[in-house]
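Peer 1: This is the content of data07.cif (mmCIF, C-alpha atoms):
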```
data_run
#
loop_
_atom_site.label_atom_id
_atom_site.label_comp_id
_atom_site.auth_asym_id
_atom_site.auth_seq_id
_atom_site.Cartn_x
_atom_site.Cartn_y
_atom_site.Cartn_z
CA MET A 14 12.17 -41.74 111.74
CA ILE A 15 15.88 -42.40 111.30
CA ARG A 16 16.51 -40.37 114.45
CA ILE A 17 14.34 -42.74 116.49
CA VAL A 18 16.29 -45.76 115.21
CA MET A 19 19.60 -44.09 116.12
CA ASP A 20 18.32 -43.18 119.58
CA VAL A 21 17.16 -46.74 120.19
CA PHE A 22 20.66 -48.05 119.44
CA PHE A 23 22.23 -45.39 121.68
CA ALA A 24 19.83 -46.22 124.53
CA LEU A 25 20.66 -49.92 124.16
CA GLY A 26 24.38 -49.18 124.33
CA ILE A 27 24.03 -46.93 127.37
CA PHE A 28 21.90 -49.56 129.11
CA PHE A 29 24.51 -52.28 128.55
CA ILE A 30 27.39 -50.04 129.64
CA PHE A 31 25.48 -49.04 132.79
CA ALA A 32 24.68 -52.68 133.58
CA GLY A 33 28.32 -53.61 133.11
CA ILE A 34 29.48 -50.86 135.45
CA VAL A 35 26.97 -51.92 138.10
CA GLY A 36 28.35 -55.45 137.69
CA MET A 37 31.91 -54.18 138.07
CA PHE A 38 30.97 -52.67 141.42
CA ARG A 39 28.65 -55.37 142.77
CA MET A 40 30.35 -58.63 141.73
CA PRO A 41 32.23 -60.39 144.55
CA ASP A 42 35.14 -61.82 142.58
CA THR A 43 37.81 -60.99 140.00
CA PHE A 44 36.53 -63.52 137.46
CA CYS A 45 32.94 -62.29 137.74
CA ARG A 46 34.21 -58.76 137.14
CA LEU A 47 35.93 -59.97 133.97
CA GLN A 48 32.54 -61.17 132.71
CA SER A 49 31.04 -57.71 133.31
CA SER A 50 33.93 -56.04 131.49
CA THR A 51 33.23 -58.16 128.39
CA ASN A 52 29.60 -57.04 128.62
CA ILE A 53 30.66 -53.37 128.62
CA VAL A 54 33.02 -53.57 125.67
CA THR A 55 31.15 -55.88 123.28
CA MET A 56 27.47 -55.05 123.69
CA GLY A 57 27.74 -51.36 124.61
CA GLY A 58 30.49 -50.51 122.18
CA LEU A 59 28.93 -52.29 119.21
CA SER A 60 25.47 -50.78 119.81
CA ILE A 61 26.88 -47.25 119.96
CA LEU A 62 28.97 -47.89 116.84
CA VAL A 63 25.84 -49.07 114.96
CA GLY A 64 24.13 -45.80 115.91
CA THR A 65 27.16 -43.87 114.67
CA ILE A 66 27.13 -45.80 111.35
CA ILE A 67 23.45 -44.88 110.84
CA PHE A 68 24.23 -41.22 111.53
CA GLY A 69 27.23 -41.25 109.18
CA PHE A 70 25.31 -42.73 106.24
CA TYR A 71 22.31 -40.46 106.84
CA SER A 72 24.22 -37.18 107.07
CA GLY A 73 26.15 -37.83 103.83
CA ASN A 74 29.54 -37.95 105.59
CA SER A 75 30.23 -41.57 104.80
CA SER A 76 33.89 -41.62 105.91
CA ILE A 77 32.66 -41.52 109.52
CA ALA A 78 30.47 -44.55 108.84
CA ILE A 79 33.20 -46.59 107.13
CA LYS A 80 35.73 -45.84 109.87
CA SER A 81 33.14 -46.81 112.46
CA ILE A 82 32.64 -50.14 110.67
CA VAL A 83 36.41 -50.72 110.76
CA MET A 84 36.51 -49.88 114.48
CA GLY A 85 33.60 -52.25 115.18
CA ILE A 86 35.31 -55.13 113.38
CA PHE A 87 38.51 -54.38 115.30
CA ILE A 88 36.72 -54.40 118.66
CA LEU A 89 34.89 -57.60 117.72
CA LEU A 90 38.20 -59.31 116.87
CA THR A 91 40.42 -58.10 119.70
CA ASN A 92 38.17 -58.01 122.76
CA PRO A 93 37.91 -61.82 123.29
CA VAL A 94 41.69 -62.13 122.94
CA ALA A 95 42.30 -59.48 125.58
CA SER A 96 39.68 -60.97 127.91
CA HIS A 97 41.17 -64.46 127.60
CA ALA A 98 44.68 -63.17 128.29
CA MET A 99 43.44 -61.27 131.35
CA THR A 100 41.65 -64.36 132.70
CA ARG A 101 44.76 -66.54 132.30
CA ALA A 102 46.89 -63.89 133.99
CA ALA A 103 44.41 -63.61 136.87
CA TYR A 104 44.46 -67.38 137.41
CA LYS A 105 48.25 -67.74 137.11
CA SER A 106 49.02 -64.81 139.41
CA GLY A 107 46.80 -66.22 142.13
CA ALA A 108 43.62 -64.18 142.29
CA ASN A 109 41.36 -65.32 145.10
CA MET A 110 38.07 -66.92 144.13
CA ASP A 111 34.96 -66.24 146.14
CA LYS A 112 34.24 -68.46 149.15
CA LYS A 113 30.91 -69.53 147.68
CA SER A 114 32.49 -70.81 144.45
CA VAL A 115 31.64 -74.43 143.74
CA CYS A 116 34.03 -75.81 141.14
CA ASP A 117 37.43 -75.07 139.59
CA HIS A 118 37.64 -76.95 136.31
CA TYR A 119 40.83 -75.28 135.13
CA GLY A 120 42.74 -76.30 138.26
CA ARG A 121 41.34 -79.84 138.02
CA ASP A 122 42.51 -80.17 134.42
CA LYS A 123 45.99 -78.97 135.34
CA LEU A 124 46.12 -81.49 138.20
CA ASN A 125 45.29 -84.50 136.03
CA GLU A 126 47.70 -83.46 133.33
CA MET B 12 16.70 -29.52 111.00
CA MET B 13 16.86 -33.26 111.55
CA ILE B 14 20.66 -33.42 111.62
CA ASP B 15 20.79 -30.70 114.31
CA ALA B 16 18.47 -32.72 116.55
CA MET B 17 20.60 -35.83 115.95
CA ILE B 18 23.73 -33.86 116.87
CA SER B 19 22.16 -32.71 120.15
CA ASP B 20 21.31 -36.36 120.94
CA ILE B 21 24.92 -37.31 120.24
CA ALA B 22 26.16 -34.61 122.64
CA ILE B 23 23.91 -35.92 125.44
CA VAL B 24 25.05 -39.51 124.85
CA SER B 25 28.73 -38.55 124.93
CA ILE B 26 28.28 -36.63 128.21
CA ILE B 27 26.59 -39.66 129.80
CA LEU B 28 29.41 -41.94 128.61
CA ALA B 29 32.05 -39.59 130.05
CA ILE B 30 30.29 -39.62 133.44
CA LEU B 31 30.17 -43.46 133.38
CA ALA B 32 33.90 -43.56 132.56
CA ILE B 33 34.64 -41.26 135.51
CA VAL B 34 32.67 -43.59 137.81
CA LEU B 35 34.95 -46.49 136.78
CA ILE B 36 38.04 -44.72 138.22
CA PHE B 37 36.84 -45.79 141.67
CA ARG B 38 37.47 -49.43 140.70
CA ILE B 39 41.06 -48.56 139.72
CA ILE B 40 41.65 -46.97 143.13
CA LYS B 41 39.97 -49.70 145.15
CA GLY B 42 40.59 -52.95 143.24
CA PRO B 43 42.08 -55.64 145.48
CA HIS B 44 44.03 -57.40 142.72
CA VAL B 45 46.14 -56.06 139.85
CA ILE B 46 43.83 -57.59 137.23
CA ASP B 47 40.90 -55.57 138.57
CA ARG B 48 42.80 -52.40 137.80
CA VAL B 49 43.71 -53.68 134.33
CA ILE B 50 40.05 -54.50 133.60
CA ALA B 51 38.86 -51.07 134.69
CA ALA B 52 41.60 -49.33 132.68
CA ASP B 53 40.69 -51.33 129.55
CA CYS B 54 37.00 -50.45 129.92
CA ILE B 55 37.83 -46.76 130.40
CA ASP B 56 40.00 -46.91 127.30
CA VAL B 57 37.25 -48.36 125.10
CA ILE B 58 34.68 -45.88 126.48
CA ILE B 59 37.00 -42.94 125.73
CA GLY B 60 37.40 -44.31 122.19
CA LEU B 61 33.60 -44.33 121.81
CA VAL B 62 33.44 -40.75 123.09
CA MET B 63 36.04 -39.84 120.44
CA VAL B 64 33.84 -41.38 117.71
CA LEU B 65 30.80 -39.48 119.02
CA PHE B 66 32.80 -36.26 119.10
CA GLY B 67 33.77 -36.84 115.49
CA CYS B 68 30.05 -37.10 114.67
CA TYR B 69 29.40 -33.93 116.69
CA GLN B 70 32.00 -31.97 114.75
CA GLN B 71 31.06 -33.63 111.38
CA ARG B 72 34.70 -34.45 110.88
CA ALA B 73 36.29 -37.89 110.44
CA LEU B 74 39.63 -37.06 112.08
CA TYR B 75 38.47 -37.86 115.61
CA VAL B 76 37.17 -41.28 114.52
CA ASP B 77 40.76 -42.11 113.55
CA LEU B 78 41.85 -41.00 117.02
CA GLY B 79 39.32 -43.36 118.60
CA LEU B 80 40.57 -46.27 116.48
CA ILE B 81 44.19 -45.59 117.49
CA LEU B 82 43.16 -45.33 121.15
CA ALA B 83 41.41 -48.71 121.08
CA LEU B 84 44.45 -50.30 119.36
CA LEU B 85 46.96 -48.97 121.90
CA GLY B 86 44.72 -50.03 124.80
CA PHE B 87 44.57 -53.57 123.40
CA ILE B 88 48.37 -53.75 123.08
CA GLY B 89 48.84 -52.48 126.64
CA THR B 90 46.35 -54.98 128.05
CA ILE B 91 48.02 -57.92 126.29
CA LEU B 92 51.46 -56.76 127.48
CA ILE B 93 50.45 -56.41 131.13
CA SER B 94 48.66 -59.78 131.06
CA LYS B 95 51.66 -61.61 129.59
CA TYR B 96 53.93 -59.97 132.15
CA LEU B 97 51.73 -61.05 135.05
CA GLU B 98 51.50 -64.55 133.61
CA GLY B 99 55.29 -64.79 133.69
CA LYS B 100 55.93 -65.45 130.01
CA LEU B 101 57.60 -62.18 129.14
#
```
Written as structure tokens, how would this file's structure read?
Peer 2:
Amino acid sequence: MIRIVMDVFFALGIFFIFAGIVGMFRMPDTFCRLQSSTNIVTMGGLSILVGTIIFGFYSGNSSIAIKSIVMGIFILLTNPVASHAMTRAAYKSGANMDKKSVCDHYGRDKLNE
Amino acid sequence: MMIDAMISDIAIVSIILAILAIVLIFRIIKGPHVIDRVIAADCIDVIIGLVMVLFGCYQQRALYVDLGLILALLGFIGTILISKYLEGKL
């Protein structure tokens, strides 16, 4: 029973990582690819870490589970910071937007400043 | 018994994750902008950290989980450093 729960979390994580990698290859733009990278790290990583926590508490080796909890909290705290810094760097260093893009709110806010 | 079956599942999952991380190298080679390469390197770093955690479960030893935590931390510091350098504030 506990094995099925762990496998469901692993399958969820692999699905989200696969979807993020397909997005990294199919998206037309740098900013869209940043969105897919956030999908990979947050959803896939946290699902696989939840499966690892279940395995650690079930097999009696609870140091694995507690370290996995610490790693999950660390990923949850640091991934939005890294993604925001990468987006600002991509905008400031002049990454090209796609031709079909409609609006650019960040550039409009800088212009009215 | 049950733990052996769970360990075989963990081995299959870690092999699939390693193959997905190898596929991402193509984005590092091809990426038209520098940030694309940084994104792909960050994703590969986090996936290798997850593989380290799964390998720690496979070996029933908590040392490799520490290695995964350190790998995620150093990847975060590198990403922030490269982003601030490209932004021009360093």
Peer 1: Please expand the PyMOL selection byres ((chain B) within 7 of (chain A)) into the concrete residues it hits in this file, giving the result as a list in words.
Peer 2: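 Written out, the selection comes to Ile14, Met17, His44, Ile46, Asp47, Ile50, Cys54, Val57, Leu61, Ala73, Val76, Leu80, Phe87, Thr90, Ile91, Ser94, Lys95, Leu97 and Glu98 of chain B.
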Peer 1: Can I get the selected residues back with C-alpha atoms, as a compact mmCIF listing (two decimals), in the frame of the given file?
Peer 2:
```txt
# COMPACT_ATOMS: atom_id res chain seq x y z
CA ILE B 14 20.66 -33.42 111.62
CA MET B 17 20.60 -35.83 115.95
CA HIS B 44 44.03 -57.40 142.72
CA ILE B 46 43.83 -57.59 137.23
CA ASP B 47 40.90 -55.57 138.57
CA ILE B 50 40.05 -54.50 133.60
CA CYS B 54 37.00 -50.45 129.92
CA VAL B 57 37.25 -48.36 125.10
CA LEU B 61 33.60 -44.33 121.81
CA ALA B 73 36.29 -37.89 110.44
CA VAL B 76 37.17 -41.28 114.52
CA LEU B 80 40.57 -46.27 116.48
CA PHE B 87 44.57 -53.57 123.40
CA THR B 90 46.35 -54.98 128.05
CA ILE B 91 48.02 -57.92 126.29
CA SER B 94 48.66 -59.78 131.06
CA LYS B 95 51.66 -61.61 129.59
CA LEU B 97 51.73 -61.05 135.05
CA GLU B 98 51.50 -64.55 133.61
```
Peer 1: Would you please work out which residue, of B:Gly89, B:Leu82, B:Asp77, B:Lys41, is nearest to Ile82 (chain A) when using only C-alpha atoms?
Peer 2: B:Asp77
Peer 1: Figure out the distance between CA of Ala16 (chain B) and CA of Tyr69 (chain B), please, to one decimal in Å.
Peer 2: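 Those two atoms sit 11.0 Å apart.
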Peer 1: So what do you get for CA of Arg39 (chain A) versus CA of Ile58 (chain B), distance-wise?
Peer 2: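 CA of Arg39 (chain A) sits 19.8 Å away from CA of Ile58 (chain B).
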Peer 1: In Å to one decimal, how far is CA of Val49 (chain B) from CA of Ile93 (chain B)?
Peer 2: 7.9 Å
Peer 1: Of the residues B:Asp15, B:Ile55, B:Leu78, B:Gly67, which is the one nearest to Ala29 (chain B), using all atoms listed in the file?
Peer 2: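 Going through B:Asp15, B:Ile55, B:Leu78, B:Gly67 one by one, the smallest distance to Ala29 (chain B) is for B:Ile55.
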Peer 1: Using only C-alpha atoms, can you tell me which of B:Val24, B:Leu101, B:Ile59, B:Ile18 comes closest to Phe22 (chain A)?
Peer 2: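 Looking at the shortest contact to Phe22 (chain A), the residue is B:Val24.
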Peer 1: Of the candidates B:Leu92, B:Ala22, B:Val45, B:Leu31, which one gets nearest to Ala32 (chain A) if we count all atoms listed in the file?
Peer 2: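 Ranking B:Leu92, B:Ala22, B:Val45, B:Leu31 by distance to Ala32 (chain A), first place goes to B:Leu31.
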Peer 1: Mind giving me the axis-aligned box for region 23-33 of chain B with 4 Å on every side, centre plus edges in Å to one decimal, as lines of an AutoDock Vina configuration file?
Peer 2:
```
center_x = 29.3
center_y = -39.7
center_z = 130.2
size_x = 18.7
size_y = 15.6
size_z = 18.7
```
Peer 1: Write region 51-82 of chain B as a compact mmCIF listing (two decimals), in the coordinates of the input, completed to N, CA and C atoms.
Peer 2:
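What follows is the written file selection-v5.txt:
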```
# COMPACT_ATOMS: atom_id res chain seq x y z
N ALA B 51 39.50 -52.39 134.65
CA ALA B 51 38.86 -51.07 134.69
C ALA B 51 39.55 -50.10 133.73
N ALA B 52 40.89 -50.21 133.61
CA ALA B 52 41.60 -49.33 132.68
C ALA B 52 41.24 -49.65 131.24
N ASP B 53 41.07 -50.95 130.92
CA ASP B 53 40.69 -51.33 129.55
C ASP B 53 39.29 -50.82 129.21
N CYS B 54 38.36 -50.93 130.18
CA CYS B 54 37.00 -50.45 129.92
C CYS B 54 36.98 -48.94 129.73
N ILE B 55 37.76 -48.21 130.56
CA ILE B 55 37.83 -46.76 130.40
C ILE B 55 38.41 -46.40 129.04
N ASP B 56 39.38 -47.19 128.59
CA ASP B 56 40.00 -46.91 127.30
C ASP B 56 39.00 -47.05 126.14
N VAL B 57 38.23 -48.15 126.18
CA VAL B 57 37.25 -48.36 125.10
C VAL B 57 36.16 -47.29 125.16
N ILE B 58 35.73 -46.90 126.37
CA ILE B 58 34.68 -45.88 126.48
C ILE B 58 35.18 -44.53 125.98
N ILE B 59 36.46 -44.20 126.25
CA ILE B 59 37.00 -42.94 125.73
C ILE B 59 37.11 -42.98 124.21
N GLY B 60 37.41 -44.18 123.64
CA GLY B 60 37.40 -44.31 122.19
C GLY B 60 36.02 -44.07 121.59
N LEU B 61 34.97 -44.58 122.28
CA LEU B 61 33.60 -44.33 121.81
C LEU B 61 33.25 -42.86 121.89
N VAL B 62 33.71 -42.19 122.96
CA VAL B 62 33.44 -40.75 123.09
C VAL B 62 34.15 -39.99 121.97
N MET B 63 35.35 -40.47 121.56
CA MET B 63 36.04 -39.84 120.44
C MET B 63 35.24 -39.97 119.14
N VAL B 64 34.66 -41.17 118.91
CA VAL B 64 33.84 -41.38 117.71
C VAL B 64 32.62 -40.46 117.73
N LEU B 65 31.98 -40.35 118.92
CA LEU B 65 30.80 -39.48 119.02
C LEU B 65 31.18 -38.02 118.84
N PHE B 66 32.37 -37.64 119.30
CA PHE B 66 32.80 -36.26 119.10
C PHE B 66 33.10 -35.97 117.63
N GLY B 67 33.60 -37.00 116.93
CA GLY B 67 33.77 -36.84 115.49
C GLY B 67 32.44 -36.65 114.78
N CYS B 68 31.38 -37.34 115.26
CA CYS B 68 30.05 -37.10 114.67
C CYS B 68 29.54 -35.71 115.04
N TYR B 69 29.87 -35.25 116.24
CA TYR B 69 29.40 -33.93 116.69
C TYR B 69 30.03 -32.81 115.87
N GLN B 70 31.30 -32.99 115.52
CA GLN B 70 32.00 -31.97 114.75
C GLN B 70 31.85 -32.17 113.24
N GLN B 71 31.21 -33.27 112.80
CA GLN B 71 31.06 -33.63 111.38
C GLN B 71 32.42 -33.77 110.70
N ARG B 72 33.34 -34.37 111.40
CA ARG B 72 34.70 -34.45 110.88
C ARG B 72 35.25 -35.84 111.22
N ALA B 73 35.92 -36.50 110.25
CA ALA B 73 36.29 -37.89 110.44
C ALA B 73 37.65 -38.07 111.11
N LEU B 74 38.29 -36.96 111.48
CA LEU B 74 39.63 -37.06 112.08
C LEU B 74 39.57 -37.71 113.45
N TYR B 75 38.55 -37.36 114.24
CA TYR B 75 38.47 -37.86 115.61
C TYR B 75 38.10 -39.34 115.64
N VAL B 76 37.46 -39.85 114.58
CA VAL B 76 37.17 -41.28 114.52
C VAL B 76 38.48 -42.06 114.39
N ASP B 77 39.43 -41.51 113.62
CA ASP B 77 40.76 -42.11 113.55
C ASP B 77 41.43 -42.13 114.92
N LEU B 78 41.26 -41.03 115.67
CA LEU B 78 41.85 -41.00 117.02
C LEU B 78 41.25 -42.07 117.91
N GLY B 79 39.94 -42.31 117.80
CA GLY B 79 39.32 -43.36 118.60
C GLY B 79 39.83 -44.74 118.24
N LEU B 80 40.04 -44.97 116.93
CA LEU B 80 40.57 -46.27 116.48
C LEU B 80 41.98 -46.50 117.03
N ILE B 81 42.82 -45.47 116.98
CA ILE B 81 44.19 -45.59 117.49
C ILE B 81 44.18 -45.82 119.00
N LEU B 82 43.25 -45.17 119.70
CA LEU B 82 43.16 -45.33 121.15
C LEU B 82 42.77 -46.76 121.52
```
